[in-house]
Amino acid sequence: MRPVPFVLITALLLGSQSAVRAEIELSPADRAGAFKAGGYQLKGKKWFACAEGTISEVRDINGDGLPDVVISEGGTECHGMTGAGYSLVSKQANGTWKLLSGGTGIPSFLKTQGVGGWPDLEVGGPGFCFPVLRWNGKHYALARYEYEGRRCKR
């Protein structure tokens, strides 16, 4: 059996991730609504909060049939040594967008869930023992701290 080139494996993995993340296409109005809910303002053709925001993920995270969006921004001037920030916004049944969580760090969705099927959210960055937030029906609140899937104390 011939070995598969690393470049081919990498391309296949990146392609499959893009397909998962691009599950839902946002209209221009929904893009604008998502950015506005995340606290961003349009300057020219780009959206800025502290730094330029980019939509890094669009999908139905909690299974309600409506799109949810993760907006990312970077820069140590805005987010210190972590160098990254995020906003998690969700389209509501009435067509508006709502900010569910945001701040400094890199969000990762976990298998554990809070109210309404919302996955727990680990907010990573440099160091160890990261906060895990859980949706309580109104907002994401601190539930515990974890590092590599194990509880830890901060």
# chains A, B, ... in the order shown; residues from 1 in each chain; ligands from 1
call {"tool": "residues_around", "arguments": {"residues": "segment 125-138 of chain A", "least_positions_apart": "4", "cutoff": "9 Å", "atoms": "only C-alpha atoms", "output": "count of residues only"}}
result
33
call {"tool": "select_by_dssp", "arguments": {"residues": "segment 3-120 of chain A", "states": "alpha helix (DSSP H)", "output": "ChimeraX atom specification"}}
result
/A:6-21,28-37,76-79
call {"tool": "closest_residue", "arguments": {"among": "A:Val70, A:Ile24, A:Gly85, A:Gln92", "to": "Glu52 of chain A", "atoms": "only C-alpha atoms"}}
result
A:Gly85
call {"tool": "residues_around", "arguments": {"residues": "Ala51 of chain A", "least_positions_apart": "6", "cutoff": "8 Å", "atoms": "only C-alpha atoms", "output": "VMD selection string"}}
result
chain A and resid 73 to 75 78
call {"tool": "closest_residue", "arguments": {"among": "A:Glu77, A:Ala37, A:Lys43, A:Cys50", "to": "Leu99 of chain A", "atoms": "only C-alpha atoms"}}
result
A:Ala37
call {"tool": "select_by_dssp", "arguments": {"residues": "segment 29-142 of chain A", "states": "strand (DSSP E)", "output": "VMD selection string"}}
result
chain A and resid 41 to 43 46 to 48 54 to 59 68 to 74 84 to 91 97 to 104 106 to 113 119 to 124 130 to 135 140 to 142
call {"tool": "closest_residue", "arguments": {"among": "A:Thr76, A:Ser56, A:Ser108, A:Thr96", "to": "Ala32 of chain A", "atoms": "only C-alpha atoms"}}
result
A:Thr96
